[in-house]
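Colleague: The structure file structure06.txt (compact mmCIF, C-alpha atoms and all ligand atoms) is provided below.
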```
# COMPACT_ATOMS: atom_id res chain seq x y z
CA MET N 1 0.00 0.00 0.00
CA SER N 2 1.39 3.46 -0.89
CA SER N 3 2.07 5.91 1.96
CA LEU N 4 -0.77 8.06 0.63
CA ASN N 5 -3.22 5.18 0.75
CA GLN N 6 -2.00 4.32 4.21
CA ALA N 7 -2.65 7.91 5.37
CA LEU N 8 -6.14 7.76 3.84
CA SER N 9 -6.84 4.46 5.54
CA VAL N 10 -5.93 5.97 8.96
CA ALA N 11 -8.11 9.02 8.22
CA LEU N 12 -11.09 6.81 7.34
CA GLU N 13 -10.55 4.70 10.44
CA ASN N 14 -10.45 7.86 12.62
CA ARG N 15 -13.80 8.97 11.19
CA GLN N 16 -15.76 5.76 11.89
CA SER N 17 -17.90 7.13 14.69
CA LEU N 18 -18.17 10.63 13.18
CA LEU N 19 -19.52 9.23 9.90
CA ALA N 20 -22.12 7.13 11.72
CA GLU N 21 -23.22 10.25 13.61
CA LEU N 22 -23.35 12.38 10.44
CA HIS N 23 -25.32 9.76 8.48
CA ALA N 24 -27.82 9.48 11.36
CA GLN N 25 -28.38 13.26 11.34
CA GLY N 26 -29.02 13.40 7.59
CA THR N 27 -25.56 14.52 6.45
CA ASP N 28 -23.70 12.97 3.53
CA CYS N 29 -21.37 15.90 2.79
CA TYR N 30 -18.11 15.80 4.76
CA ARG N 31 -14.34 15.78 4.52
CA LEU N 32 -12.81 12.31 4.36
CA PHE N 33 -9.18 13.39 4.17
CA HIS N 34 -7.78 16.71 5.39
CA GLY N 35 -4.30 16.41 3.91
CA SER N 36 -2.56 19.28 5.70
CA GLN N 37 -3.21 17.58 9.05
CA GLU N 38 -3.37 13.94 7.97
CA GLY N 39 -0.17 13.35 6.04
CA ALA N 40 -0.51 14.80 2.52
CA SER N 41 -0.31 18.58 2.54
CA GLY N 42 -2.39 20.23 -0.18
CA LEU N 43 -4.71 17.27 -0.78
CA THR N 44 -8.36 17.14 0.24
CA ILE N 45 -10.96 14.42 -0.33
CA ASP N 46 -14.58 15.37 0.27
CA ARG N 47 -17.83 13.52 -0.13
CA TYR N 48 -20.70 15.61 -1.50
CA GLY N 49 -23.64 13.18 -1.49
CA PRO N 50 -23.19 10.91 -4.53
CA GLN N 51 -19.95 12.63 -5.54
CA LEU N 52 -16.35 12.22 -4.39
CA LEU N 53 -14.40 15.45 -4.90
CA VAL N 54 -10.61 15.12 -4.80
CA GLN N 55 -8.67 18.40 -4.89
CA SER N 56 -4.93 18.97 -4.99
CA PHE N 57 -3.52 22.41 -4.19
CA HIS N 58 0.26 21.86 -4.25
CA THR N 59 1.15 19.07 -6.67
CA SER N 60 -0.98 17.11 -9.15
CA LEU N 61 -1.84 13.53 -8.36
CA ASP N 62 -1.01 10.91 -10.95
CA ARG N 63 -3.91 8.97 -12.42
CA ASP N 64 -3.14 5.66 -10.71
CA ALA N 65 -2.84 7.30 -7.30
CA LEU N 66 -6.15 9.12 -7.85
CA LEU N 67 -7.97 5.94 -8.89
CA ALA N 68 -6.51 4.06 -5.91
CA LEU N 69 -7.88 6.74 -3.53
CA HIS N 70 -11.29 6.52 -5.20
CA SER N 71 -11.39 2.71 -4.86
CA ALA N 72 -10.31 2.85 -1.21
CA VAL N 73 -13.09 5.31 -0.30
CA ASN N 74 -15.71 3.32 -2.22
CA ALA N 75 -14.64 0.10 -0.51
CA HIS N 76 -14.72 1.74 2.93
CA LEU N 77 -18.16 3.35 2.50
CA GLY N 78 -19.66 0.50 0.46
CA LEU N 79 -20.71 3.02 -2.22
CA GLU N 80 -19.92 3.82 -5.84
CA LEU N 81 -19.24 7.53 -5.54
CA LEU N 82 -18.89 9.57 -8.74
CA LEU N 83 -15.32 10.86 -9.00
CA VAL N 84 -14.41 14.47 -9.79
CA TYR N 85 -10.76 15.55 -9.63
CA ASN N 86 -10.06 19.27 -9.41
CA ASP N 87 -6.36 19.87 -9.78
CA ARG N 88 -5.83 23.36 -8.35
CA SER N 89 -2.04 23.20 -8.10
CA GLN N 90 -1.57 25.88 -10.80
CA GLY N 91 -1.67 29.66 -10.05
CA ASN N 92 -4.27 31.16 -7.72
CA SER N 93 -5.75 27.73 -6.86
CA ARG N 94 -7.55 27.75 -10.22
CA ILE N 95 -8.98 24.46 -11.44
CA ASP N 96 -7.09 22.92 -14.37
CA ARG N 97 -10.05 22.56 -16.72
CA SER N 98 -8.02 20.68 -19.35
CA ASP N 99 -8.28 17.61 -17.10
CA ALA N 100 -4.81 16.40 -18.02
CA VAL N 101 -4.88 13.70 -15.30
CA TYR N 102 -8.49 12.52 -15.23
CA LYS N 103 -11.70 13.53 -16.98
CA ALA N 104 -14.85 12.99 -14.93
CA ASP N 105 -17.86 11.19 -16.43
CA ASP N 106 -20.87 13.30 -17.42
CA ALA N 107 -22.80 11.68 -14.56
CA ALA N 108 -20.24 12.95 -12.03
CA LEU N 109 -20.47 16.50 -13.43
CA ALA N 110 -24.28 16.58 -13.56
CA ASP N 111 -26.33 18.68 -11.13
CA LEU N 112 -26.43 16.51 -8.02
CA VAL N 113 -27.90 16.84 -4.55
CA GLY N 114 -26.02 16.43 -1.26
CA HIS N 115 -27.47 16.54 2.25
CA GLU N 116 -26.55 18.23 5.50
CA TRP N 117 -28.59 18.37 8.71
CA GLY N 118 -31.44 16.82 6.70
CA LEU N 119 -31.45 19.61 4.07
CA ASN N 120 -30.86 19.29 0.33
CA TYR N 121 -28.00 21.21 -1.27
CA ARG N 122 -27.05 21.68 -4.92
CA VAL N 123 -23.74 19.97 -5.68
CA ARG N 124 -21.75 20.65 -8.84
CA GLY N 125 -18.25 19.31 -9.42
CA ARG N 126 -17.60 22.06 -11.94
CA HIS N 127 -19.14 25.51 -12.24
CA ALA N 128 -17.95 29.02 -13.01
CA GLY N 129 -16.30 29.47 -9.58
CA GLN N 130 -13.38 27.61 -8.03
CA ASP N 131 -14.76 26.41 -4.69
CA PRO N 132 -17.36 23.70 -4.06
CA LEU N 133 -20.83 25.16 -3.53
CA LEU N 134 -20.92 24.26 0.17
CA PHE N 135 -18.04 25.02 2.59
CA LEU N 136 -17.92 21.93 4.77
CA ASP N 137 -16.01 23.44 7.70
CA LEU N 138 -19.00 25.73 8.41
CA ARG N 139 -21.33 22.76 9.04
CA ASN N 140 -21.39 23.20 12.83
CA ALA N 141 -22.30 26.89 12.47
CA ARG N 142 -25.16 25.95 10.13
CA GLY N 143 -26.30 23.36 12.69
CA TRP N 144 -26.18 25.99 15.48
CA VAL N 145 -28.23 28.40 13.40
CA LYS N 146 -30.80 25.69 12.62
CA ASP N 147 -31.15 24.99 16.35
CA HIS N 148 -31.45 28.65 17.41
CA ALA N 149 -33.36 30.42 14.62
CA LYS N 150 -36.94 29.74 15.69
CA GLY N 151 -39.04 32.91 15.42
CA LYS N 152 -35.93 35.04 14.67
CA SER N 153 -35.22 37.48 11.86
CA VAL N 154 -31.94 36.35 10.30
CA LEU N 155 -29.40 38.23 8.18
CA ASN N 156 -26.83 36.11 6.33
CA LEU N 157 -23.92 38.33 5.24
CA PHE N 158 -21.49 37.21 2.49
CA ALA N 159 -24.14 34.55 1.95
CA TYR N 160 -22.43 32.69 -0.96
CA THR N 161 -24.87 29.84 -1.76
CA CYS N 162 -27.03 30.68 1.27
CA GLY N 163 -26.40 27.56 3.37
CA VAL N 164 -26.71 29.54 6.61
CA GLY N 165 -29.94 31.13 5.38
CA LEU N 166 -31.34 27.74 4.46
CA SER N 167 -30.47 26.39 7.92
CA ALA N 168 -32.21 29.37 9.53
CA ALA N 169 -35.32 28.76 7.40
CA ALA N 170 -35.25 25.09 8.43
CA GLY N 171 -35.00 26.15 12.08
CA GLY N 172 -38.21 28.17 11.81
CA ALA N 173 -36.84 31.72 11.35
CA SER N 174 -39.57 34.34 10.91
CA GLU N 175 -37.56 35.95 8.11
CA VAL N 176 -34.30 35.12 6.29
CA CYS N 177 -32.32 37.64 4.28
CA ASN N 178 -29.24 36.55 2.29
CA LEU N 179 -26.82 39.24 1.11
CA ASP N 180 -24.01 38.82 -1.42
CA PHE N 181 -22.75 40.82 -4.40
CA ALA N 182 -22.41 37.81 -6.72
CA GLU N 183 -25.66 37.03 -8.53
CA GLY N 184 -24.31 33.59 -9.58
CA ASN N 185 -23.84 32.60 -5.92
CA LEU N 186 -27.29 33.85 -4.92
CA ALA N 187 -28.72 31.91 -7.89
CA VAL N 188 -27.41 28.69 -6.31
CA GLY N 189 -28.96 29.90 -3.05
CA ARG N 190 -32.30 30.17 -4.86
CA GLU N 191 -31.80 26.63 -6.22
CA ASN N 192 -31.09 25.45 -2.67
CA GLY N 193 -34.37 27.04 -1.63
CA HIS N 194 -36.22 25.21 -4.42
CA LEU N 195 -34.58 21.93 -3.41
CA ASN N 196 -36.26 22.31 0.00
CA PRO N 197 -39.82 23.26 -0.98
CA HIS N 198 -41.21 22.65 2.52
CA LEU N 199 -39.32 25.69 3.87
CA ALA N 200 -40.59 29.28 3.96
CA PRO N 201 -39.12 31.32 1.09
CA MET N 202 -35.94 33.31 1.75
CA GLN N 203 -35.08 36.83 0.58
CA PHE N 204 -32.00 37.65 -1.49
CA ILE N 205 -30.26 41.02 -1.67
CA GLN N 206 -27.66 41.39 -4.36
CA SER N 207 -25.39 44.14 -3.10
CA ASP N 208 -21.89 45.02 -2.11
CA TYR N 209 -21.47 44.49 1.63
CA PHE N 210 -20.31 47.98 2.54
CA PRO N 211 -23.19 50.16 1.30
CA ALA N 212 -25.77 47.54 2.34
CA ILE N 213 -24.57 47.03 5.91
CA ARG N 214 -23.89 50.73 6.47
CA GLN N 215 -27.46 51.62 5.42
CA LEU N 216 -28.89 48.87 7.65
CA ALA N 217 -26.72 50.15 10.52
CA GLY N 218 -27.68 53.79 9.91
CA LEU N 219 -24.10 54.83 9.07
CA PRO N 220 -23.12 57.17 6.23
CA ILE N 221 -21.67 55.74 3.02
CA ALA N 222 -18.40 57.49 2.39
CA SER N 223 -16.86 57.76 -1.05
CA ARG N 224 -13.12 57.29 -1.15
CA ARG N 225 -11.04 60.37 -1.94
CA GLY N 226 -14.06 62.11 -3.41
CA GLN N 227 -14.49 59.44 -6.11
CA LYS N 228 -18.05 58.93 -7.40
CA LEU N 229 -19.53 55.68 -6.09
CA PRO N 230 -21.26 53.16 -8.36
CA SER N 231 -25.03 52.90 -7.82
CA TYR N 232 -26.18 50.60 -5.03
CA ALA N 233 -29.39 49.04 -3.73
CA ARG N 234 -31.24 51.30 -1.25
CA LEU N 235 -32.10 49.73 2.10
CA ASP N 236 -33.80 51.08 5.21
CA GLN N 237 -32.07 51.13 8.58
CA ARG N 238 -33.10 48.12 10.66
CA GLN N 239 -31.86 45.34 12.95
CA PHE N 240 -32.03 41.53 12.87
CA ASP N 241 -32.21 39.07 15.77
CA LEU N 242 -29.52 36.77 14.38
CA VAL N 243 -26.71 37.93 12.09
CA LEU N 244 -24.03 35.78 10.48
CA LEU N 245 -20.81 37.46 9.33
CA ASP N 246 -18.56 35.06 7.39
CA PRO N 247 -16.50 37.14 4.94
CA PRO N 248 -13.80 35.98 2.51
CA ALA N 249 -10.17 36.47 3.61
CA TRP N 250 -9.63 39.35 1.21
CA ALA N 251 -11.72 41.08 -1.45
CA LYS N 252 -11.67 44.56 -2.95
CA SER N 253 -14.61 46.42 -4.43
CA ALA N 254 -15.39 50.01 -5.37
CA PHE N 255 -16.86 50.47 -1.87
CA GLY N 256 -14.11 49.10 0.31
CA THR N 257 -11.70 46.29 1.05
CA VAL N 258 -12.49 43.13 2.96
CA ASP N 259 -9.26 42.36 4.83
CA LEU N 260 -9.54 39.86 7.66
CA LEU N 261 -5.92 40.33 8.72
CA ARG N 262 -5.63 44.11 8.90
CA ASP N 263 -9.15 45.43 9.29
CA TYR N 264 -11.84 43.14 10.73
CA GLN N 265 -13.36 46.12 12.56
CA SER N 266 -14.78 47.85 9.52
CA LEU N 267 -16.74 44.68 8.74
CA LEU N 268 -17.67 44.01 12.34
CA LYS N 269 -18.79 47.42 13.54
CA PRO N 270 -21.79 47.86 11.19
CA ALA N 271 -22.71 44.18 11.65
CA LEU N 272 -22.84 44.74 15.44
CA LEU N 273 -25.04 47.80 14.96
CA THR N 274 -27.38 45.77 12.72
CA THR N 275 -27.82 43.13 15.44
CA ALA N 276 -30.80 43.72 17.76
CA GLU N 277 -30.53 44.23 21.54
CA ASP N 278 -30.52 40.71 23.02
CA GLY N 279 -29.64 39.45 19.55
CA VAL N 280 -26.83 37.17 18.41
CA LEU N 281 -23.98 37.91 16.02
CA ILE N 282 -22.01 34.93 14.74
CA CYS N 283 -18.73 36.09 13.27
CA CYS N 284 -16.03 34.09 11.49
CA ASN N 285 -12.44 34.53 10.44
CA ASN N 286 -11.05 31.88 8.07
CA LEU N 287 -7.52 33.22 7.82
CA ALA N 288 -5.15 30.58 9.22
CA LYS N 289 -2.53 33.09 10.33
CA VAL N 290 -5.00 34.97 12.55
CA ASN N 291 -4.72 33.71 16.11
CA MET N 292 -8.03 32.92 17.87
CA ASP N 293 -7.18 34.60 21.19
CA GLU N 294 -5.95 37.81 19.58
CA TRP N 295 -8.89 37.97 17.18
CA ARG N 296 -11.41 37.33 19.99
CA ASP N 297 -9.88 40.19 22.04
CA GLN N 298 -10.13 42.45 19.01
CA VAL N 299 -13.79 41.53 18.45
CA LEU N 300 -14.75 42.03 22.11
CA ARG N 301 -12.91 45.37 22.28
CA CYS N 302 -14.61 46.63 19.13
CA ALA N 303 -18.04 45.69 20.54
CA SER N 304 -17.40 47.51 23.85
CA LYS N 305 -16.02 50.55 22.07
CA ILE N 306 -19.19 51.09 20.03
CA GLY N 307 -21.44 50.55 23.04
CA ARG N 308 -22.60 47.03 22.18
CA PRO N 309 -20.73 45.00 24.83
CA VAL N 310 -20.85 41.23 24.49
CA ARG N 311 -22.77 39.49 27.31
CA ASP N 312 -21.53 36.03 26.36
CA CYS N 313 -18.98 34.78 23.85
CA GLN N 314 -18.83 31.15 22.79
CA THR N 315 -16.42 29.58 20.31
CA LEU N 316 -17.56 26.99 17.79
CA ALA N 317 -14.98 24.65 16.23
CA PRO N 318 -15.38 22.85 12.89
CA GLY N 319 -16.35 19.17 13.02
CA ALA N 320 -13.89 16.34 13.61
CA ASP N 321 -13.58 15.82 9.85
CA PHE N 322 -11.39 18.96 9.98
CA PRO N 323 -8.81 17.78 12.53
CA SER N 324 -6.24 20.30 13.68
CA LEU N 325 -3.13 19.03 15.45
CA ASP N 326 -2.43 22.35 17.20
CA GLN N 327 -6.11 22.92 18.06
CA GLN N 328 -5.97 26.12 15.95
CA PRO N 329 -8.26 25.44 12.98
CA PRO N 330 -8.10 28.09 10.21
CA LEU N 331 -11.86 28.72 10.48
CA LYS N 332 -12.58 30.48 13.76
CA THR N 333 -16.19 31.15 14.78
CA LEU N 334 -17.50 33.24 17.69
CA ILE N 335 -21.11 33.33 18.85
CA LEU N 336 -21.69 36.70 20.48
CA GLN N 337 -24.77 37.34 22.65
CA LEU N 338 -25.33 41.08 22.64
C1 LIG N 401 -16.00 32.66 1.47
S1 LIG N 401 -17.57 33.03 0.75
C2 LIG N 401 -18.51 33.16 2.18
C3 LIG N 401 -19.01 31.81 2.64
C4 LIG N 401 -20.40 31.85 3.12
N1 LIG N 401 -20.56 32.68 4.29
C5 LIG N 401 -21.01 30.48 3.35
O1 LIG N 401 -21.85 30.35 4.26
O2 LIG N 401 -20.68 29.54 2.63
C6 LIG N 401 -17.33 34.67 0.23
C7 LIG N 401 -18.57 35.34 -0.38
O3 LIG N 401 -18.42 36.74 -0.22
C8 LIG N 401 -18.90 37.38 -1.37
N2 LIG N 401 -18.29 38.72 -1.38
C9 LIG N 401 -16.98 39.04 -1.44
N3 LIG N 401 -16.81 40.39 -1.34
C10 LIG N 401 -18.05 40.93 -1.19
C11 LIG N 401 -18.54 42.25 -1.02
N4 LIG N 401 -17.72 43.31 -0.99
N5 LIG N 401 -19.85 42.42 -0.88
C12 LIG N 401 -20.72 41.37 -0.91
N6 LIG N 401 -20.32 40.08 -1.07
C13 LIG N 401 -18.99 39.87 -1.21
C14 LIG N 401 -18.54 36.47 -2.51
O4 LIG N 401 -19.38 36.69 -3.63
C15 LIG N 401 -18.74 35.09 -1.86
O5 LIG N 401 -20.04 34.60 -2.11
```
Represent the structure contained in this file as structure tokens.
Modeller:
Amino acid sequence: MSSLNQALSVALENRQSLLAELHAQGTDCYRLFHGSQEGASGLTIDRYGPQLLVQSFHTSLDRDALLALHSAVNAHLGLELLLVYNDRSQGNSRIDRSDAVYKADDAALADLVGHEWGLNYRVRGRHAGQDPLLFLDLRNARGWVKDHAKGKSVLNLFAYTCGVGLSAAAGGASEVCNLDFAEGNLAVGRENGHLNPHLAPMQFIQSDYFPAIRQLAGLPIASRRGQKLPSYARLDQRQFDLVLLDPPAWAKSAFGTVDLLRDYQSLLKPALLTTAEDGVLICCNNLAKVNMDEWRDQVLRCASKIGRPVRDCQTLAPGADFPSLDQQPPLKTLILQL
């Protein structure tokens, strides 16, 4: 057995009880091999319902090694998962769409459905973006929202494909509002809504974060160095009972820069002001080099400074399918009771 297959076999063994638990709760989307922590840096193997998604970020796999991993997972799970290989070892983690190593079958690339916490999610091995349509390390946050959303108005910021919004709707939220500037991502969110027809409909706001959150928070929208701003959706000032803030590590737009390393405050401050008294703000930071203790201090200080002190702060770690040897997972999540 190759050392890679041996590492996979240990990873599968370590997940025995977790997988039983996930299957029992209606989840068939999870990480089976988290290479950076399990012996093959830059390699991830994820199950998305009927699909097995293998991704390499540092060096390409060779075809035989890829097929051996696929067989080992199938044998372990007793399934015939449809294989997709996204080699992202070229620049900027972009998928090599020439499929030099392995070309997936049409069936593997079809529109499929995966499940998490009993909900249906659109799964596509290939689409216009680079990342899978559901970020698996946020599963515990979606579960928390599902358990705590009953009767609450919920605002899902940087909503991507609206998994958090869907979880809130499933938990009985009175209202769910998903905000993102990418129409393509919200379109998948709408599909996710349609895949769960028993849930109350969600709302979708296509807007840049900065003008939207500043209007909701009742703050002015400043133009930078007197430059004229592009047009933006008009929103009334208001608050939500439960707000989720899970931004990308870095993104620049005409309205501002999302920078989780240097300036979390300009994202956090308006989100705090948009959270109701006695409400909850869940905030995330997925940048590995940001230390949890330092970031938590920063978050708590910012909240006190703007007069919204945190009554209780709880941390939420990703599931055990994202092991972290130093107990410092890249995705950090805080649940703030205001
Ligand atoms: C890492 S994803 C967020 C993951 C998401 N919270 C989830 O639950 O899966 C980043 C998202 O932020 C959006 N985005 C990036 N910059 C933005 C901005 N300035 N305003 C609004 N959305 C933005 C992207 O379109 C993308 O959908």
Colleague: Place a sphere of radius 9 Å on (-27.0, 12.5, 0.3) in the file coordinates and name every protein, DNA or RNA residue with an atom inside or on its surface, counting all atoms listed in the file; give the answer as a PyMOL selection string.
Modeller: chain N and resi 23+26-29+48-50+113-116+118+120-121
Colleague: Just write the chosen residues, C-alpha atoms, as a PDB file, in the coordinates of the input.
Modeller:
```
ATOM      1  CA  HIS N  23     -25.320   9.760   8.480  1.00  0.00           C
ATOM      2  CA  GLY N  26     -29.020  13.400   7.590  1.00  0.00           C
ATOM      3  CA  THR N  27     -25.560  14.520   6.450  1.00  0.00           C
ATOM      4  CA  ASP N  28     -23.700  12.970   3.530  1.00  0.00           C
ATOM      5  CA  CYS N  29     -21.370  15.900   2.790  1.00  0.00           C
ATOM      6  CA  TYR N  48     -20.700  15.610  -1.500  1.00  0.00           C
ATOM      7  CA  GLY N  49     -23.640  13.180  -1.490  1.00  0.00           C
ATOM      8  CA  PRO N  50     -23.190  10.910  -4.530  1.00  0.00           C
ATOM      9  CA  VAL N 113     -27.900  16.840  -4.550  1.00  0.00           C
ATOM     10  CA  GLY N 114     -26.020  16.430  -1.260  1.00  0.00           C
ATOM     11  CA  HIS N 115     -27.470  16.540   2.250  1.00  0.00           C
ATOM     12  CA  GLU N 116     -26.550  18.230   5.500  1.00  0.00           C
ATOM     13  CA  GLY N 118     -31.440  16.820   6.700  1.00  0.00           C
ATOM     14  CA  ASN N 120     -30.860  19.290   0.330  1.00  0.00           C
ATOM     15  CA  TYR N 121     -28.000  21.210  -1.270  1.00  0.00           C
TER      16      TYR N 121
END
```
Colleague: Please provide as a ChimeraX atom specification all residues within 7 Å of segment 215-228 of chain N, with the sequence filter that same-chain residues fewer than 5 positions apart are discarded (counting all atoms listed in the file).
Modeller: /N:235-238,270,273-274
Colleague: When distances are computed from all atoms listed in the file, which of N:Pro201, N:Gly165, N:Gly172, N:Gly307 shows the smallest separation from ligand LIG 401 (chain N)?
Modeller: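 Using all atoms listed in the file, the shortest distance to ligand LIG 401 (chain N) belongs to N:Gly165.
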Colleague: Within 8 Å of ligand LIG 401 (chain N), counting only C-alpha atoms and all ligand atoms: which residues, as a PDB file with C-alpha atoms, in the frame of the given file?
Modeller:
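For reference, out34.pdb as written:
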```
ATOM      1  CA  LEU N 133     -20.830  25.160  -3.530  1.00  0.00           C
ATOM      2  CA  LEU N 134     -20.920  24.260   0.170  1.00  0.00           C
ATOM      3  CA  PHE N 135     -18.040  25.020   2.590  1.00  0.00           C
ATOM      4  CA  LEU N 138     -19.000  25.730   8.410  1.00  0.00           C
ATOM      5  CA  ASN N 156     -26.830  36.110   6.330  1.00  0.00           C
ATOM      6  CA  LEU N 157     -23.920  38.330   5.240  1.00  0.00           C
ATOM      7  CA  PHE N 158     -21.490  37.210   2.490  1.00  0.00           C
ATOM      8  CA  ALA N 159     -24.140  34.550   1.950  1.00  0.00           C
ATOM      9  CA  TYR N 160     -22.430  32.690  -0.960  1.00  0.00           C
ATOM     10  CA  THR N 161     -24.870  29.840  -1.760  1.00  0.00           C
ATOM     11  CA  CYS N 162     -27.030  30.680   1.270  1.00  0.00           C
ATOM     12  CA  GLY N 163     -26.400  27.560   3.370  1.00  0.00           C
ATOM     13  CA  VAL N 164     -26.710  29.540   6.610  1.00  0.00           C
ATOM     14  CA  LEU N 179     -26.820  39.240   1.110  1.00  0.00           C
ATOM     15  CA  ASP N 180     -24.010  38.820  -1.420  1.00  0.00           C
ATOM     16  CA  PHE N 181     -22.750  40.820  -4.400  1.00  0.00           C
ATOM     17  CA  ALA N 182     -22.410  37.810  -6.720  1.00  0.00           C
ATOM     18  CA  GLU N 183     -25.660  37.030  -8.530  1.00  0.00           C
ATOM     19  CA  ASN N 185     -23.840  32.600  -5.920  1.00  0.00           C
ATOM     20  CA  LEU N 186     -27.290  33.850  -4.920  1.00  0.00           C
ATOM     21  CA  GLN N 206     -27.660  41.390  -4.360  1.00  0.00           C
ATOM     22  CA  SER N 207     -25.390  44.140  -3.100  1.00  0.00           C
ATOM     23  CA  ASP N 208     -21.890  45.020  -2.110  1.00  0.00           C
ATOM     24  CA  TYR N 209     -21.470  44.490   1.630  1.00  0.00           C
ATOM     25  CA  PHE N 210     -20.310  47.980   2.540  1.00  0.00           C
ATOM     26  CA  LEU N 244     -24.030  35.780  10.480  1.00  0.00           C
ATOM     27  CA  LEU N 245     -20.810  37.460   9.330  1.00  0.00           C
ATOM     28  CA  ASP N 246     -18.560  35.060   7.390  1.00  0.00           C
ATOM     29  CA  PRO N 247     -16.500  37.140   4.940  1.00  0.00           C
ATOM     30  CA  PRO N 248     -13.800  35.980   2.510  1.00  0.00           C
ATOM     31  CA  ALA N 249     -10.170  36.470   3.610  1.00  0.00           C
ATOM     32  CA  TRP N 250      -9.630  39.350   1.210  1.00  0.00           C
ATOM     33  CA  ALA N 251     -11.720  41.080  -1.450  1.00  0.00           C
ATOM     34  CA  LYS N 252     -11.670  44.560  -2.950  1.00  0.00           C
ATOM     35  CA  SER N 253     -14.610  46.420  -4.430  1.00  0.00           C
ATOM     36  CA  PHE N 255     -16.860  50.470  -1.870  1.00  0.00           C
ATOM     37  CA  GLY N 256     -14.110  49.100   0.310  1.00  0.00           C
ATOM     38  CA  THR N 257     -11.700  46.290   1.050  1.00  0.00           C
ATOM     39  CA  VAL N 258     -12.490  43.130   2.960  1.00  0.00           C
TER      40      VAL N 258
END
```
Colleague: One number please: atom CA of Ile282 of chain N to atom CA of Leu261 of chain N, in Å, one decimal.
Modeller: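 Straight-line distance from atom CA of Ile282 of chain N to atom CA of Leu261 of chain N works out to 18.0 Å.
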Colleague: Padding of 5 Å on every side, edges along x, y and z, all listed atoms of segment 73-88 of chain N included: what centre and edge lengths in Å, to one decimal, does that box have, as lines of an AutoDock Vina configuration file?
Modeller:
```
center_x = -13.3
center_y = 11.7
center_z = -3.4
size_x = 24.9
size_y = 33.3
size_z = 22.7
```
Colleague: Would you mind listing, for every residue of segment 31-85 of chain N within 9 Å of segment 315-332 of chain N, the two atoms forming the shortest contact and the distance between them in Å to one decimal, using only C-alpha atoms, sorted by chain and ascending residue number, as CSV?
Modeller:
```
residue,atom,partner,partner_atom,distance
N:Arg31,CA,N:Asp321,CA,5.4
N:Leu32,CA,N:Asp321,CA,6.6
N:Phe33,CA,N:Asp321,CA,7.6
N:His34,CA,N:Phe322,CA,6.3
N:Ser36,CA,N:Ser324,CA,8.8
N:Gln37,CA,N:Ser324,CA,6.2
N:Glu38,CA,N:Pro323,CA,8.1
```
Colleague: Rounded to one decimal place, report the atom CA of His76 of chain N-atom CA of Arg15 of chain N distance in Å.
Modeller: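 Here the two named atoms are 11.0 Å from each other.
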Colleague: I need every residue sitting at most 8 Å from the point (-12.3, 6.9, 5.9) (coordinates as in the file, all atoms listed in the file considered), written as a PyMOL selection string.
Modeller: chain N and resi 8-16+32-33+73+76-77
Colleague: Take atom CA of Leu52 of chain N and atom CA of Leu166 of chain N and report the distance between them in Å, one decimal.
Modeller: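 Interatomic distance here is 23.3 Å.
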Colleague: Could you check the closest approach to Asn178 of chain N for each of N:Lys269, N:His148, N:His58, N:Arg190 and tell me which residue wins, using only C-alpha atoms?
Modeller: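 Of N:Lys269, N:His148, N:His58, N:Arg190, the one nearest Asn178 of chain N, counting only C-alpha atoms, is N:Arg190.
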Colleague: Restricting the calculation to only C-alpha atoms, which member of N:Phe240, N:Asp147, N:Thr44, N:Arg126 is positioned closest to Ser174 of chain N?
Modeller: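 Looking only at the distances to Ser174 of chain N, the closest residue turns out to be N:Phe240.
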Colleague: Counting all atoms listed in the file, which of N:Ala24, N:Asn86, N:Leu338, N:Tyr30 gets nearest to Ser304 of chain N?
Modeller: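 Among N:Ala24, N:Asn86, N:Leu338, N:Tyr30, it is N:Leu338 that comes nearest to Ser304 of chain N.
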Colleague: Nearest to Asp241 of chain N: which of N:His194, N:Tyr264, N:Lys152, N:Asn285 is it, counting all atoms listed in the file?
Modeller: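 Of the candidates, the smallest distance to Asp241 of chain N is held by N:Lys152.
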Colleague: I need the residue nearest Leu4 of chain N from this list: N:Asp137, N:Asp111, N:Asp62, N:Asp105. Use only C-alpha atoms for the distance.
Modeller: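 Comparing N:Asp137, N:Asp111, N:Asp62, N:Asp105 against Leu4 of chain N, the winner is N:Asp62.
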